[in-house]
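File shown: start-v4.cif (mmCIF, C-alpha atoms).
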data_structure
#
loop_
_atom_site.label_atom_id
_atom_site.label_comp_id
_atom_site.auth_asym_id
_atom_site.auth_seq_id
_atom_site.Cartn_x
_atom_site.Cartn_y
_atom_site.Cartn_z
CA MET A 1 5.24 -13.68 3.22
CA SER A 2 4.96 -13.25 -0.50
CA ASP A 3 6.95 -10.90 -2.72
CA GLU A 4 3.66 -9.71 -4.24
CA PRO A 5 2.35 -6.60 -2.43
CA ILE A 6 -0.99 -6.29 -0.71
CA ARG A 7 -2.81 -3.67 -2.79
CA ILE A 8 -5.36 -1.30 -1.24
CA THR A 9 -7.18 0.57 -4.00
CA ARG A 10 -10.39 2.45 -4.73
CA GLY A 11 -12.43 0.57 -7.34
CA GLN A 12 -14.41 2.04 -10.21
CA GLY A 13 -17.57 1.93 -8.09
CA GLY A 14 -15.91 3.95 -5.32
CA GLU A 15 -15.36 0.98 -2.98
CA VAL A 16 -12.04 0.44 -1.22
CA ASP A 17 -10.76 -3.06 -2.01
CA VAL A 18 -7.82 -5.18 -0.88
CA GLU A 19 -6.13 -7.59 -3.27
CA GLY A 20 -3.06 -9.76 -3.02
CA PRO A 21 -1.62 -12.28 -0.58
CA VAL A 22 -3.49 -11.75 2.69
CA ASP A 23 -2.56 -14.22 5.43
CA GLY A 24 -4.17 -14.57 8.85
CA PHE A 25 -2.27 -11.72 10.52
CA ALA A 26 -2.85 -9.33 7.61
CA ALA A 27 -6.55 -10.28 7.65
CA SER A 28 -6.76 -9.48 11.37
CA VAL A 29 -5.11 -6.07 10.82
CA LEU A 30 -7.53 -5.31 8.00
CA LYS A 31 -10.49 -6.39 10.12
CA ARG A 32 -9.28 -4.12 12.96
CA ALA A 33 -9.08 -1.26 10.44
CA GLY A 34 -12.74 -1.78 9.51
CA PHE A 35 -12.47 -3.96 6.41
CA ASP A 36 -15.11 -6.65 5.84
CA ASN A 37 -14.59 -10.13 4.34
CA TYR A 38 -17.09 -11.54 1.84
CA PRO A 39 -16.70 -15.05 0.41
CA THR A 40 -16.73 -15.28 -3.38
CA LEU A 41 -16.24 -18.08 -5.90
CA ARG A 42 -12.56 -17.07 -6.28
CA GLY A 43 -11.74 -16.63 -2.60
CA VAL A 44 -12.52 -13.71 -0.34
CA TRP A 45 -13.45 -10.15 -1.23
CA ILE A 46 -11.99 -7.72 1.33
CA ARG A 47 -13.35 -4.18 1.31
CA LEU A 48 -14.39 -1.27 3.49
CA PRO A 49 -18.13 -0.74 4.06
CA PHE A 50 -19.84 1.57 1.57
CA ASP A 51 -21.10 5.11 2.22
CA LEU A 52 -19.03 6.07 5.26
CA GLY A 53 -17.38 8.99 3.50
CA ARG A 54 -14.09 9.36 1.69
CA THR A 55 -12.33 10.87 4.69
CA TRP A 56 -13.23 7.87 6.87
CA GLU A 57 -12.25 5.43 4.10
CA ASN A 58 -8.93 7.21 3.52
CA GLU A 59 -8.08 7.26 7.24
CA HIS A 60 -8.81 3.55 7.67
CA ALA A 61 -7.04 2.52 4.48
CA THR A 62 -3.97 4.57 5.44
CA TRP A 63 -3.95 3.14 8.97
CA ALA A 64 -4.16 -0.43 7.63
CA ALA A 65 -1.37 0.21 5.12
CA ASP A 66 0.88 1.79 7.76
CA ILE A 67 0.37 -1.09 10.23
CA LEU A 68 0.95 -3.72 7.54
CA ALA A 69 4.10 -1.92 6.39
CA ALA A 70 5.31 -1.74 10.02
CA ALA A 71 4.82 -5.52 10.19
CA ARG A 72 7.11 -5.77 7.14
CA TYR A 73 4.43 -6.59 4.56
CA SER A 74 4.86 -5.19 1.10
CA VAL A 75 1.92 -2.79 0.71
CA ASP A 76 0.80 -0.76 -2.29
CA LEU A 77 -1.64 1.96 -1.16
CA ASP A 78 -3.45 3.92 -3.88
CA PRO A 79 -2.13 7.52 -3.54
CA ALA A 80 -5.72 8.82 -3.66
CA LEU A 81 -6.38 6.90 -0.41
CA ARG A 82 -3.51 8.43 1.57
CA ALA A 83 -5.08 10.39 4.44
CA VAL A 84 -3.88 13.92 4.98
CA PRO A 85 -2.00 14.01 8.30
CA PRO A 86 -3.15 16.51 10.91
CA PRO A 87 -1.04 19.63 11.41
CA VAL A 88 2.08 18.96 13.47
CA SER A 89 2.08 22.23 15.40
CA ALA A 90 1.35 21.95 19.10
CA PRO A 91 -1.52 23.90 20.62
CA ALA A 92 -0.64 27.14 22.38
CA ALA A 93 0.02 26.85 26.09
CA PRO A 94 -2.88 28.17 28.13
CA GLY A 95 -2.26 31.37 30.08
CA ARG A 96 -1.74 30.94 33.81
CA THR A 97 -4.48 32.34 35.96
CA LYS A 98 -4.27 32.98 39.65
CA THR A 99 -6.14 30.52 41.76
CA ALA A 100 -6.99 30.78 45.44
CA MET A 101 -3.74 28.96 46.26
CA THR A 102 -1.42 31.04 44.09
CA ALA A 103 -3.04 34.38 44.96
CA GLN A 104 -2.48 33.98 48.70
CA SER A 105 0.25 35.93 50.37
CA ALA A 106 2.99 34.13 52.27
CA PRO A 107 2.18 33.29 55.89
CA ALA A 108 3.55 35.62 58.56
CA GLY A 109 7.10 34.85 59.55
CA THR A 110 7.97 33.29 56.18
CA PRO A 111 10.83 35.15 54.51
CA ARG A 112 10.05 36.31 51.01
CA ARG A 113 12.49 35.95 48.20
CA ARG A 114 13.78 39.22 46.88
CA GLN A 115 13.24 39.90 43.26
CA ARG A 116 16.20 41.25 41.37
#
How would this structure read if it were set down as C-alpha cells?
Amino acid sequence: MSDEPIRITRGQGGEVDVEGPVDGFAASVLKRAGFDNYPTLRGVWIRLPFDLGRTWENEHATWAADILAAARYSVDLDPALRAVPPPVSAPAAPGRTKTAMTAQSAPAGTPRRRQR
C-alpha cells in the first residue's frame, strides 16, 4: 500500500471521482460500491454513474470510504460526500395484544398463581 491516500471527491461537473493509488482489492471494493472504471490515456477513470441523486452518491461514496479505511487504506473522503447516518434510536416496542392462546383461561385442575 502507498502512503498517498485514495481520494474520493465530487468534481466540478458534479461527478464523484476516485483518484490515487488503487490496487486490485481497492478496485473491487469500489466496484462493489457502484463505481465504474473507464480507461483513459493516463490510466483508469473511476467514478460513480451520473444522475442517481446526491443521496445515493453520498451513501455509496461513504460506504466505499468506510470499507477501504477498515481494510487499512488511507482514504480522503470529501466532507460534502459524507452520508448522514440514520437516527440511532430504536423503534418503540409494539404493544402486546391478546391472542387466542394468551386469552384462554387455565385448564381445569391447573393451579393458578396468586398475584400479590
Option closest in space to Gly34 in chain A, from A:Gly14, A:Pro79, A:Gly20, A:Pro49 [counting all atoms listed in the file]: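 So, comparing all the options, the nearest one is A:Pro49.
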What lies within 9 Å of Glu4 in chain A using only C-alpha atoms, ignoring chain neighbours under 3 positions off, as a list in words?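 These residues fall inside the cut-off: Met1, Arg7, Gly20, Pro21, Ser74 and Val75 of chain A.
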List the spatial neighbours of Arg47 in chain A as a PyMOL selection string - criterion: any atom at most 12 Å away, all atoms listed in the file, same-chain residues fewer than 4 positions off excluded. chain A and resi 7-11+13-19+27+30-31+33-39+57+60-61+64
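For the residues A:Arg82, A:Gln12, A:Val22, A:Asp3, ranking by smallest atom-to-atom distance to Trp56 in chain A using all atoms listed in the file places A:Arg82 first.
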Please report the interatomic distance between CA of Ile6 in chain A and CA of Val44 in chain A in Å with one decimal. 13.7 Å
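One finds CA of Glu59 in chain A at 29.7 Å from CA of Leu41 in chain A.
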Quick one, how far is CA of Leu81 in chain A from CA of Pro5 in chain A?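 For CA of Leu81 in chain A relative to CA of Pro5 in chain A, the distance reads 16.2 Å.
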Please, which residues are within 8 Å of (-2.3, -7.2, 7.8) by the file's coordinates, counting only C-alpha atoms, and could they come as a list in words? Val22, Asp23, Gly24, Phe25, Ala26, Ala27, Ser28, Val29, Leu30, Ala64, Ala65, Ile67, Leu68, Ala71 and Tyr73 of chain A
Give the answer as one residue: which of A:Ala70, A:Arg32, A:Gly43, A:Ala83 has the shortest atom-to-atom distance to Asn58 in chain A, using all atoms listed in the file?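 Among A:Ala70, A:Arg32, A:Gly43, A:Ala83, it is A:Ala83 that comes nearest to Asn58 in chain A.
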